[in-house]
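Engineer: Hey, dropping upload.cif in here, mmCIF, C-alpha atoms:
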```
data_structure
loop_
_atom_site.label_atom_id
_atom_site.label_comp_id
_atom_site.auth_asym_id
_atom_site.auth_seq_id
_atom_site.Cartn_x
_atom_site.Cartn_y
_atom_site.Cartn_z
CA MET K 1 -33.33 31.57 -38.91
CA ASN K 2 -29.58 31.42 -39.57
CA CYS K 3 -26.63 31.60 -37.16
CA GLN K 4 -26.10 35.30 -37.81
CA GLN K 5 -29.66 35.97 -36.62
CA ALA K 6 -29.69 33.38 -33.87
CA ARG K 7 -26.48 34.24 -32.08
CA PRO K 8 -27.45 37.62 -30.59
CA LEU K 9 -30.82 36.19 -29.48
CA ILE K 10 -29.21 33.50 -27.36
CA ASP K 11 -28.38 35.94 -24.55
CA PHE K 12 -31.86 37.48 -24.68
CA TYR K 13 -33.34 34.00 -24.42
CA ALA K 14 -31.10 33.12 -21.47
CA ASP K 15 -32.14 36.40 -19.81
CA GLY K 16 -35.83 35.66 -20.28
CA GLU K 17 -36.22 38.70 -22.51
CA LEU K 18 -37.15 37.01 -25.80
CA ASP K 19 -40.72 37.04 -27.11
CA ALA K 20 -42.60 33.77 -27.51
CA ALA K 21 -42.60 33.75 -31.32
CA ARG K 22 -38.87 34.09 -31.58
CA ILE K 23 -38.26 31.59 -28.77
CA LEU K 24 -39.81 28.89 -30.96
CA GLU K 25 -37.69 29.85 -33.96
CA LEU K 26 -34.54 30.02 -31.88
CA GLU K 27 -35.17 26.68 -30.17
CA LYS K 28 -35.64 25.08 -33.56
CA HIS K 29 -32.39 26.57 -34.81
CA ILE K 30 -30.46 25.49 -31.71
CA HIS K 31 -31.83 22.01 -32.13
CA ASP K 32 -30.51 21.82 -35.69
CA CYS K 33 -27.22 23.71 -35.35
CA PRO K 34 -24.43 22.24 -33.17
CA ALA K 35 -22.43 25.51 -33.11
CA CYS K 36 -25.37 27.54 -31.80
CA ALA K 37 -26.25 24.73 -29.38
CA LEU K 38 -22.73 25.09 -27.97
CA ALA K 39 -23.17 28.86 -27.73
CA TRP K 40 -26.44 28.28 -25.85
CA ARG K 41 -24.81 25.85 -23.42
CA ASN K 42 -21.92 28.27 -22.88
CA ALA K 43 -24.35 31.10 -22.14
CA GLN K 44 -26.02 28.98 -19.48
CA THR K 45 -22.71 27.85 -18.00
CA LEU K 46 -21.51 31.43 -17.77
CA LYS K 47 -24.76 32.44 -16.09
CA LYS K 48 -24.34 29.68 -13.51
CA SER K 49 -20.71 30.64 -12.89
CA LEU K 50 -21.76 34.24 -12.21
CA LYS K 51 -24.50 33.32 -9.76
CA GLN K 52 -22.27 31.46 -7.30
CA GLU K 53 -22.96 32.42 -3.76
CA ALA K 54 -19.25 32.91 -3.07
CA LEU K 55 -19.30 35.90 -5.44
CA PHE K 56 -21.79 37.90 -3.37
CA PHE K 57 -20.32 40.35 -0.92
CA THR K 58 -22.33 40.88 2.25
CA ALA K 59 -22.16 44.17 4.10
CA PRO K 60 -19.65 44.03 6.95
CA PRO K 61 -21.19 44.56 10.42
CA GLU K 62 -19.07 47.67 11.03
CA LEU K 63 -20.70 49.33 8.00
CA ARG K 64 -24.15 48.59 9.40
CA ARG K 65 -23.08 50.03 12.76
CA ALA K 66 -21.52 53.11 11.18
CA ILE K 67 -24.72 53.90 9.28
CA LYS K 68 -26.88 53.46 12.37
CA THR K 69 -24.62 55.70 14.45
CA GLU K 70 -24.57 58.32 11.73
CA LEU K 71 -28.36 58.28 11.48
CA HIS K 72 -28.84 58.70 15.20
CA SER K 73 -26.38 61.56 15.42
CA GLN K 74 -27.99 63.51 12.60
CA VAL K 75 -29.93 66.31 14.21
CA LYS K 76 -33.32 66.85 12.70
CA PRO K 77 -33.43 70.07 10.73
CA ARG K 78 -34.88 72.77 12.90
CA ALA K 79 -38.06 74.12 11.43
CA ASN K 80 -38.73 77.78 11.26
CA PHE K 81 -40.86 77.26 14.26
CA TRP K 82 -41.60 80.78 15.48
CA ASN K 83 -42.01 82.54 12.16
CA TRP K 84 -45.17 80.76 11.19
CA ASN K 85 -48.37 82.52 10.76
CA TRP K 86 -50.08 80.37 13.34
CA LEU K 87 -53.66 80.92 12.43
CA ASN K 88 -53.02 80.18 8.78
CA ALA K 89 -50.99 77.14 9.55
CA VAL K 90 -53.56 75.68 11.90
CA THR K 91 -56.47 76.25 9.52
CA THR K 92 -54.65 74.81 6.54
CA SER K 93 -53.43 71.75 8.37
CA PHE K 94 -56.85 71.14 9.89
CA ALA K 95 -58.41 71.36 6.45
CA SER K 96 -55.87 69.01 4.92
CA VAL K 97 -56.20 66.51 7.73
CA CYS K 98 -59.97 66.43 7.18
CA LEU K 99 -59.51 65.97 3.46
CA ALA K 100 -56.92 63.25 3.95
CA LEU K 101 -59.15 61.37 6.39
CA LEU K 102 -62.04 61.58 3.98
CA LEU K 103 -59.87 60.24 1.18
CA ILE K 104 -58.52 57.45 3.34
CA VAL K 105 -61.97 56.37 4.41
CA THR K 106 -63.45 56.44 0.93
CA LEU K 107 -60.61 55.33 -1.29
CA ALA K 108 -58.09 53.40 0.66
CA ARG K 109 -60.24 50.66 2.12
CA PRO K 110 -58.00 47.70 1.29
CA SER K 111 -59.54 44.82 -0.65
CA ALA K 112 -59.56 41.35 0.89
CA GLN K 113 -56.73 40.39 -1.46
CA GLN K 114 -54.64 43.39 -0.39
CA GLN K 115 -55.23 42.57 3.24
CA LEU K 116 -54.18 38.98 2.70
CA THR K 117 -51.00 39.82 0.77
CA GLN K 118 -50.08 42.39 3.40
CA GLU K 119 -50.61 39.81 6.11
CA ILE K 120 -48.39 37.34 4.24
CA VAL K 121 -45.60 39.87 3.80
CA SER K 122 -45.82 40.81 7.48
CA SER K 123 -45.67 37.17 8.49
CA HIS K 124 -42.68 36.62 6.21
CA VAL K 125 -40.84 39.61 7.64
CA ARG K 126 -41.74 38.65 11.20
CA SER K 127 -40.44 35.12 10.68
CA LEU K 128 -37.06 36.51 9.63
CA MET K 129 -36.90 39.23 12.26
CA ALA K 130 -37.76 37.20 15.30
CA ASN K 131 -35.38 34.48 14.16
CA HIS K 132 -38.37 32.20 14.12
CA VAL K 133 -38.20 30.89 10.60
CA MET K 134 -38.58 27.26 11.56
CA ASP K 135 -40.31 25.07 14.13
CA VAL K 136 -39.04 21.88 12.56
CA ILE K 137 -35.58 22.05 11.10
CA SER K 138 -35.02 19.38 8.52
CA THR K 139 -34.03 19.07 4.92
CA ASP K 140 -35.95 15.82 4.70
CA GLN K 141 -39.46 16.15 3.30
CA HIS K 142 -40.43 12.91 5.08
CA THR K 143 -39.62 14.50 8.44
CA VAL K 144 -41.29 17.80 7.70
CA LYS K 145 -44.57 16.41 6.37
CA PRO K 146 -45.49 14.20 9.38
CA TRP K 147 -44.53 17.04 11.71
CA PHE K 148 -47.63 18.93 10.60
CA ASN K 149 -49.88 15.99 11.62
CA GLY K 150 -52.22 17.05 14.37
CA LYS K 151 -51.00 20.64 14.21
CA VAL K 152 -53.09 21.67 11.21
CA ASP K 153 -56.26 20.04 9.92
CA PHE K 154 -54.82 19.22 6.51
CA SER K 155 -51.73 17.58 5.10
CA PRO K 156 -49.63 19.99 3.06
CA PRO K 157 -47.72 18.62 0.04
CA VAL K 158 -44.07 18.85 1.09
CA LYS K 159 -41.44 18.67 -1.64
CA ASP K 160 -37.71 19.14 -1.56
CA LEU K 161 -36.27 21.13 -4.45
CA ALA K 162 -32.60 20.76 -3.52
CA ALA K 163 -31.86 19.35 -6.96
CA GLN K 164 -33.32 22.49 -8.54
CA GLY K 165 -31.27 24.73 -6.24
CA PHE K 166 -34.01 25.50 -3.71
CA PRO K 167 -33.23 23.24 -0.74
CA LEU K 168 -36.00 22.69 1.82
CA ILE K 169 -34.73 23.80 5.21
CA GLY K 170 -37.75 23.33 7.43
CA GLY K 171 -41.35 24.09 8.29
CA ARG K 172 -43.37 26.22 10.66
CA LEU K 173 -46.91 26.84 11.84
CA ASP K 174 -48.31 30.25 11.16
CA TYR K 175 -51.58 32.10 11.39
CA ILE K 176 -52.93 33.88 8.30
CA GLY K 177 -56.37 35.02 7.21
CA GLY K 178 -57.89 33.81 10.47
CA ARG K 179 -56.65 30.23 10.32
CA GLY K 180 -53.64 28.08 11.12
CA VAL K 181 -51.53 27.49 8.03
CA SER K 182 -48.38 25.57 7.26
CA ALA K 183 -45.29 27.39 6.09
CA LEU K 184 -42.49 25.56 4.31
CA VAL K 185 -39.13 27.24 4.29
CA PHE K 186 -36.78 27.04 1.31
CA GLN K 187 -33.52 28.72 0.59
CA ARG K 188 -31.71 30.09 -2.41
CA ARG K 189 -28.30 31.53 -1.60
CA LYS K 190 -29.04 33.74 1.40
CA HIS K 191 -32.64 34.40 0.41
CA VAL K 192 -35.39 32.69 2.38
CA ILE K 193 -38.57 31.64 0.61
CA ASN K 194 -41.65 31.08 2.76
CA LEU K 195 -44.29 28.92 1.08
CA TYR K 196 -47.65 29.21 2.84
CA ILE K 197 -50.13 26.41 2.25
CA TRP K 198 -53.74 25.95 3.33
CA PRO K 199 -56.88 24.29 1.91
CA ALA K 200 -58.32 26.22 -1.01
CA LYS K 201 -61.86 27.55 -1.10
CA GLU K 202 -61.82 28.05 -4.84
CA LYS K 203 -60.91 26.07 -7.92
CA ASP K 204 -57.34 25.42 -9.08
CA SER K 205 -55.60 28.39 -10.59
CA LYS K 206 -52.31 28.71 -12.42
CA PRO K 207 -49.54 30.78 -10.75
CA ALA K 208 -50.34 34.46 -11.20
CA SER K 209 -47.62 36.95 -11.99
CA ALA K 210 -45.55 38.16 -9.07
CA ILE K 211 -47.01 40.90 -6.86
CA PRO K 212 -44.33 43.24 -5.53
CA ILE K 213 -44.95 44.53 -2.00
CA GLN K 214 -42.35 46.50 -0.05
CA GLY K 215 -39.57 44.97 -2.09
CA TYR K 216 -40.80 41.40 -1.59
CA ASN K 217 -42.32 39.30 -4.35
CA LEU K 218 -45.44 37.20 -3.88
CA ILE K 219 -46.79 34.53 -6.18
CA HIS K 220 -50.14 32.84 -5.67
CA TRP K 221 -51.63 29.66 -7.12
CA SER K 222 -53.87 26.79 -6.13
CA GLN K 223 -53.42 23.18 -6.98
CA ALA K 224 -55.03 19.93 -5.78
CA GLU K 225 -57.43 21.81 -3.48
CA MET K 226 -54.63 23.64 -1.72
CA GLU K 227 -53.88 27.31 -1.85
CA PHE K 228 -50.23 28.38 -2.15
CA TRP K 229 -48.49 31.69 -1.52
CA ALA K 230 -44.75 31.95 -2.14
CA VAL K 231 -43.04 35.03 -0.73
CA SER K 232 -39.40 36.07 -0.75
CA ASP K 233 -37.02 38.94 -1.29
CA LEU K 234 -35.66 36.88 -4.16
CA ASN K 235 -35.91 38.56 -7.56
CA GLU K 236 -39.03 37.87 -9.59
CA GLU K 237 -37.30 35.72 -12.18
CA GLU K 238 -35.95 33.25 -9.64
CA LEU K 239 -39.14 33.15 -7.60
CA VAL K 240 -41.04 32.26 -10.79
CA GLU K 241 -38.47 29.53 -11.35
CA PHE K 242 -39.12 28.26 -7.81
CA VAL K 243 -42.88 28.17 -8.38
CA GLN K 244 -42.45 26.35 -11.68
CA ASP K 245 -40.20 23.78 -10.04
CA TYR K 246 -42.61 23.32 -7.15
CA THR K 247 -45.70 22.90 -9.27
CA THR K 248 -44.08 20.48 -11.70
CA SER K 249 -41.98 18.29 -9.42
CA PRO K 250 -43.63 15.06 -8.15
CA LEU K 251 -44.56 14.54 -4.51
CA MET H 1 -33.09 51.02 3.61
CA LEU H 2 -31.02 48.75 5.82
CA PRO H 3 -32.74 45.60 4.47
CA TYR H 4 -31.04 46.27 1.14
CA LEU H 5 -27.66 47.11 2.58
CA ASP H 6 -26.20 43.82 1.37
CA ALA H 7 -27.25 44.59 -2.19
CA ALA H 8 -25.91 48.13 -1.86
CA TYR H 9 -22.59 46.94 -0.48
CA ASN H 10 -22.30 44.15 -3.06
CA LEU H 11 -22.68 46.61 -5.94
CA ALA H 12 -20.33 49.15 -4.35
CA ARG H 13 -17.76 46.44 -3.63
CA TRP H 14 -17.75 45.18 -7.23
CA LEU H 15 -17.56 48.68 -8.64
CA ALA H 16 -14.94 50.09 -6.28
CA GLY H 17 -12.86 46.91 -6.18
CA ASN H 18 -11.95 47.00 -2.48
CA ASP H 19 -13.68 46.89 0.88
CA HIS H 20 -12.58 50.27 2.20
CA ASP H 21 -13.83 52.35 -0.73
CA ALA H 22 -16.94 50.19 -1.06
CA GLN H 23 -17.87 50.92 2.57
CA ASP H 24 -17.44 54.64 1.98
CA VAL H 25 -19.66 54.56 -1.10
CA ALA H 26 -22.31 52.29 0.46
CA GLN H 27 -22.45 54.41 3.61
CA GLU H 28 -22.77 57.70 1.77
CA ALA H 29 -25.43 56.24 -0.53
CA SER H 30 -27.45 54.77 2.36
CA LEU H 31 -27.43 58.05 4.26
CA ARG H 32 -28.50 59.87 1.13
CA ALA H 33 -31.28 57.34 0.59
CA PHE H 34 -32.54 57.93 4.12
CA LYS H 35 -32.48 61.64 3.59
CA PHE H 36 -34.51 61.50 0.40
CA PHE H 37 -36.72 58.56 1.26
CA GLY H 38 -39.60 60.95 1.77
CA SER H 39 -39.52 61.87 -1.91
CA PHE H 40 -39.39 58.25 -3.09
CA ARG H 41 -42.49 57.40 -5.14
CA GLY H 42 -41.44 54.29 -7.01
CA GLU H 43 -42.33 50.67 -6.48
CA ASN H 44 -38.95 49.11 -6.09
CA PRO H 45 -36.91 50.44 -3.18
CA ARG H 46 -34.01 48.10 -3.97
CA ALA H 47 -33.64 49.51 -7.50
CA TRP H 48 -33.93 53.01 -6.11
CA LEU H 49 -31.21 52.44 -3.52
CA LEU H 50 -28.92 50.87 -6.11
CA THR H 51 -29.43 53.87 -8.39
CA ILE H 52 -28.16 56.04 -5.56
CA VAL H 53 -25.23 53.70 -4.91
CA ARG H 54 -24.32 53.85 -8.57
CA ASN H 55 -24.49 57.64 -8.77
CA THR H 56 -22.55 58.01 -5.54
CA PHE H 57 -19.91 55.65 -6.89
CA TYR H 58 -19.45 57.56 -10.15
CA ASN H 59 -19.14 60.86 -8.31
CA TRP H 60 -16.59 59.26 -6.06
CA LEU H 61 -14.75 57.83 -9.06
CA LYS H 62 -14.56 61.19 -10.79
CA LYS H 63 -13.04 62.70 -7.67
CA ASN H 64 -10.66 59.90 -6.71
CA ARG H 65 -9.74 57.90 -9.81
CA PRO H 66 -10.64 59.99 -12.86
CA ALA H 67 -8.38 57.90 -15.07
CA GLU H 68 -10.63 54.89 -14.69
CA ILE H 69 -13.57 56.47 -16.47
CA ALA H 70 -13.23 55.34 -20.05
CA GLY H 71 -13.73 58.45 -22.14
CA GLU H 72 -15.30 56.73 -25.09
CA LEU H 73 -16.40 53.18 -25.02
CA ASN H 74 -16.40 51.66 -28.43
CA GLU H 75 -19.99 50.50 -28.19
CA GLU H 76 -20.53 49.85 -31.88
CA ALA H 77 -17.65 47.47 -32.31
CA LEU H 78 -19.77 44.57 -31.21
CA ALA H 79 -22.96 45.53 -33.00
CA VAL H 80 -22.34 42.89 -35.64
CA GLU H 81 -20.99 39.76 -34.07
CA ASP H 82 -18.46 37.90 -36.12
CA ILE H 83 -19.78 34.37 -36.18
CA SER H 84 -16.76 33.00 -38.02
CA ALA H 85 -14.55 33.85 -35.06
CA ASN H 86 -16.69 31.50 -33.01
CA ALA H 87 -16.15 28.59 -35.33
CA CYS H 88 -13.59 27.10 -32.97
CA MET H 89 -15.49 28.11 -29.83
CA ALA H 90 -14.50 25.99 -26.86
CA ASN H 91 -16.84 24.23 -24.51
CA LEU H 92 -17.14 26.47 -21.45
CA HIS H 93 -16.94 24.72 -18.09
CA GLN H 94 -18.31 25.97 -14.82
CA ALA H 95 -15.47 28.01 -13.33
CA ASP H 96 -14.67 28.34 -9.63
CA ALA H 97 -15.51 31.55 -7.81
CA GLU H 98 -11.97 32.86 -7.62
CA MET H 99 -11.48 32.57 -11.37
CA VAL H 100 -14.81 34.22 -12.07
CA ARG H 101 -14.02 37.01 -9.63
CA ARG H 102 -10.79 37.80 -11.43
CA ALA H 103 -12.52 37.74 -14.82
CA ILE H 104 -15.23 40.16 -13.62
CA ASP H 105 -12.65 42.48 -12.07
CA GLU H 106 -10.89 42.72 -15.43
CA LEU H 107 -14.00 44.12 -17.12
CA PRO H 108 -14.20 47.90 -17.64
CA VAL H 109 -16.38 49.33 -14.90
CA GLU H 110 -19.28 50.21 -17.25
CA PHE H 111 -19.49 46.57 -18.33
CA ARG H 112 -18.92 45.20 -14.85
CA GLU H 113 -21.94 47.02 -13.47
CA MET H 114 -24.18 45.54 -16.18
CA ILE H 115 -23.11 42.01 -15.22
CA ILE H 116 -23.67 42.64 -11.50
CA LEU H 117 -27.11 44.19 -12.03
CA ARG H 118 -28.22 41.49 -14.45
CA GLU H 119 -26.75 38.28 -13.05
CA MET H 120 -26.47 38.95 -9.33
CA GLU H 121 -29.36 41.34 -8.76
CA GLY H 122 -31.63 39.88 -11.44
CA PHE H 123 -32.85 43.17 -12.89
CA SER H 124 -34.47 43.21 -16.36
CA TYR H 125 -32.91 45.13 -19.28
CA LYS H 126 -35.51 47.84 -18.80
CA GLU H 127 -34.80 48.16 -15.09
CA ILE H 128 -31.06 48.30 -15.72
CA ALA H 129 -31.57 50.99 -18.38
CA ASP H 130 -33.61 53.10 -15.92
CA LEU H 131 -31.21 52.45 -13.09
CA SER H 132 -28.05 53.36 -14.99
CA ASP H 133 -29.61 56.03 -17.19
CA VAL H 134 -28.52 54.59 -20.55
CA PRO H 135 -30.68 53.45 -23.48
CA ILE H 136 -31.84 49.83 -23.37
CA GLY H 137 -29.86 49.08 -26.54
CA THR H 138 -26.70 50.13 -24.75
CA VAL H 139 -27.54 47.81 -21.87
CA MET H 140 -27.86 44.93 -24.31
CA SER H 141 -24.67 45.68 -26.21
CA ARG H 142 -22.65 46.20 -23.03
CA LEU H 143 -23.96 42.95 -21.59
CA ALA H 144 -23.12 41.10 -24.79
CA ARG H 145 -19.64 42.50 -24.82
CA ALA H 146 -19.04 41.84 -21.13
CA ARG H 147 -20.17 38.25 -21.57
CA LYS H 148 -17.97 37.75 -24.58
CA GLN H 149 -14.96 38.93 -22.63
CA LEU H 150 -15.91 36.77 -19.64
CA GLN H 151 -16.31 33.70 -21.82
CA GLN H 152 -12.95 34.39 -23.40
CA SER H 153 -11.10 34.74 -20.12
CA LEU H 154 -12.87 31.82 -18.45
CA GLY H 155 -12.67 29.54 -21.48
CA GLY H 156 -9.08 30.54 -22.12
CA GLU H 157 -8.05 29.94 -18.55
CA PHE H 158 -9.71 26.59 -18.59
CA GLN H 159 -7.88 25.50 -21.72
CA ALA H 160 -4.52 26.65 -20.43
CA GLY H 161 -5.12 24.71 -17.24
CA GLY H 162 -6.24 21.66 -19.19
CA VAL H 163 -3.12 21.53 -21.34
CA LYS H 164 -0.82 21.73 -18.39
#
```
Show me this structure written as structure tokens.
Structural biologist:
Amino acid sequence: MNCQQARPLIDFYADGELDAARILELEKHIHDCPACALAWRNAQTLKKSLKQEALFFTAPPELRRAIKTELHSQVKPRANFWNWNWLNAVTTSFASVCLALLLIVTLARPSAQQQLTQEIVSSHVRSLMANHVMDVISTDQHTVKPWFNGKVDFSPPVKDLAAQGFPLIGGRLDYIGGRGVSALVFQRRKHVINLYIWPAKEKDSKPASAIPIQGYNLIHWSQAEMEFWAVSDLNEEELVEFVQDYTTSPL
Amino acid sequence: MLPYLDAAYNLARWLAGNDHDAQDVAQEASLRAFKFFGSFRGENPRAWLLTIVRNTFYNWLKKNRPAEIAGELNEEALAVEDISANACMANLHQADAEMVRRAIDELPVEFREMIILREMEGFSYKEIADLSDVPIGTVMSRLARARKQLQQSLGGEFQAGGVK
């Protein structure tokens, strides 16, 4: 690979859009070529500069209010209520309701996995809504870990990823899948990451790819006889980064 | 849709360039999203809402500031990057938010939106292509060009400051 070929790939690599074969070639070239190494560093610096929290605009409260007011004042469109052929309408809707029920009963029985992920998303949303993200507020892993003693029947591995840009902000008890679990709370910019931990029933598994549910991303893995579920409204790329940092950093 | 209002406002604010117009665009887009939410079949409500914000913004732009829509962007100019020009490339340093903000604001709006969607919202090339209704190759070339301009203005500003 020469510079002419390498240079356009640097952005793709930084964006996580380069295929594995070319990553190897590009890394080798960057290693050997100081000019392209500089271009690679610059690409990363630029990326960091653009992701500063101060650059994000949050919606002003008056906008939120204006939208709510507008929504409430919108009158529901009046249906052509009296022109219906009643008998037809009733028969058709009865038939479709029956069909729908039948379909729901036969097809839509959620799997155990679906139920669990739904429960995790609900718990995540609830924790944000009720302003009950944390029971113990501390950025110190050595305060958070002992706090769980006697509250759950296991000792969750608590790590602080402040250095990697995911500061630990606290912990919480929660109830998922019929048992008490520990939830660690991390932050990236204004996004909250809930990391649920409980003893695993199965063997270790590598982090699976992110499952999107209602706009949230979930990543599951198990390690050292513990089961982990990370959930956040953070984009997939950064949540994957979080999971990588968590699984690789020492206790 | 209100959970994604921050994302909607952020995009509108970067595109429109000021709070007042951004609020107008974000509000219209959110109301439209509510109205059509019943017909939404996709998987990613955030991408869907931002698509609406983007379309609302361009309609608004056509009506209010038609001059800002670049008739023809010279997309091909960057197709072949001139490596020799980079021979004296400077070491880019992390710039403070104010400097970065100015540099982004200077980008043509079609490039600015690519940077916001990629770097702040974290969408993939494919998602950006779907969202903004341009081919994926165009997404890549616009991003490359936007970044080149950003690096130039940030690097340049840094050097000027350093010499003084």
Engineer: Find the residue from K:Leu26, K:Ile169, K:Leu239, K:Ile120 that sits nearest to chain H; use only C-alpha atoms when measuring.
Structural biologist: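 For chain H, the nearest of the given residues is K:Leu239.
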Engineer: Could I get the residues of chain K with an atom no further than 7 Å from an atom of chain H, each paired with its nearest atom pair and that distance in Å to one decimal, using all atoms listed in the file, sorted by chain and residue number, as CSV?
Structural biologist:
```
residue,atom,partner,partner_atom,distance
K:Gln4,CA,H:Ile83,CA,6.6
K:Leu38,CA,H:Asn91,CA,6.9
K:Asn42,CA,H:Leu92,CA,5.3
K:Thr45,CA,H:Gln94,CA,5.7
K:Leu46,CA,H:Gln151,CA,7.0
K:Lys47,CA,H:Glu119,CA,6.9
K:Ser49,CA,H:Gln94,CA,5.6
K:Leu50,CA,H:Glu119,CA,6.5
K:Lys51,CA,H:Met120,CA,6.0
K:Gln52,CA,H:Ala97,CA,6.8
K:Ala54,CA,H:Ala97,CA,6.2
K:Leu55,CA,H:Ala97,CA,6.2
K:Phe56,CA,H:Asn10,CA,6.3
K:Phe57,CA,H:Asn10,CA,4.8
K:Thr58,CA,H:Asp6,CA,4.9
K:Ala59,CA,H:Asp6,CA,4.9
K:Leu63,CA,H:Gln23,CA,6.3
K:Ile67,CA,H:Gln27,CA,6.1
K:Gly215,CA,H:Asn44,CA,5.8
K:Asn235,CA,H:Gly122,CA,5.9
```
Engineer: Between CA of Glu113 in chain H and CA of Leu71 in chain K, what is the distance, to one decimal in Å?
Structural biologist: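 About the pair CA of Glu113 in chain H and CA of Leu71 in chain K: they are 28.1 Å apart.
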Engineer: Return as a ChimeraX atom specification the set of residues that the PyMOL selection byres ((chain K and resi 148-164) around 8) yields on the displayed structure.
Structural biologist: /K:139-141,144-147,165-168,173,180-182,184,197-199,226,245-246,249-251
Engineer: For the residues in the current selection, export C-alpha atoms as a CSV table (one decimal), in the coordinates of the input.
Structural biologist:
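The resulting file, again29.csv, is reproduced below:
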```
chain,number,residue,atom,x,y,z
K,139,THR,CA,-34.0,19.1,4.9
K,140,ASP,CA,-36.0,15.8,4.7
K,141,GLN,CA,-39.5,16.2,3.3
K,144,VAL,CA,-41.3,17.8,7.7
K,145,LYS,CA,-44.6,16.4,6.4
K,146,PRO,CA,-45.5,14.2,9.4
K,147,TRP,CA,-44.5,17.0,11.7
K,165,GLY,CA,-31.3,24.7,-6.2
K,166,PHE,CA,-34.0,25.5,-3.7
K,167,PRO,CA,-33.2,23.2,-0.7
K,168,LEU,CA,-36.0,22.7,1.8
K,173,LEU,CA,-46.9,26.8,11.8
K,180,GLY,CA,-53.6,28.1,11.1
K,181,VAL,CA,-51.5,27.5,8.0
K,182,SER,CA,-48.4,25.6,7.3
K,184,LEU,CA,-42.5,25.6,4.3
K,197,ILE,CA,-50.1,26.4,2.2
K,198,TRP,CA,-53.7,26.0,3.3
K,199,PRO,CA,-56.9,24.3,1.9
K,226,MET,CA,-54.6,23.6,-1.7
K,245,ASP,CA,-40.2,23.8,-10.0
K,246,TYR,CA,-42.6,23.3,-7.2
K,249,SER,CA,-42.0,18.3,-9.4
K,250,PRO,CA,-43.6,15.1,-8.2
K,251,LEU,CA,-44.6,14.5,-4.5
```
Engineer: Rounded to one decimal, what separation in Å do you get between CA of Asn59 in chain H and CA of Arg145 in chain H?
Structural biologist: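 Separation between CA of Asn59 in chain H and CA of Arg145 in chain H: 24.7 Å.
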Engineer: How many Å separate CA of Trp40 in chain K from CA of Asp11 in chain K?
Structural biologist: 8.0 Å
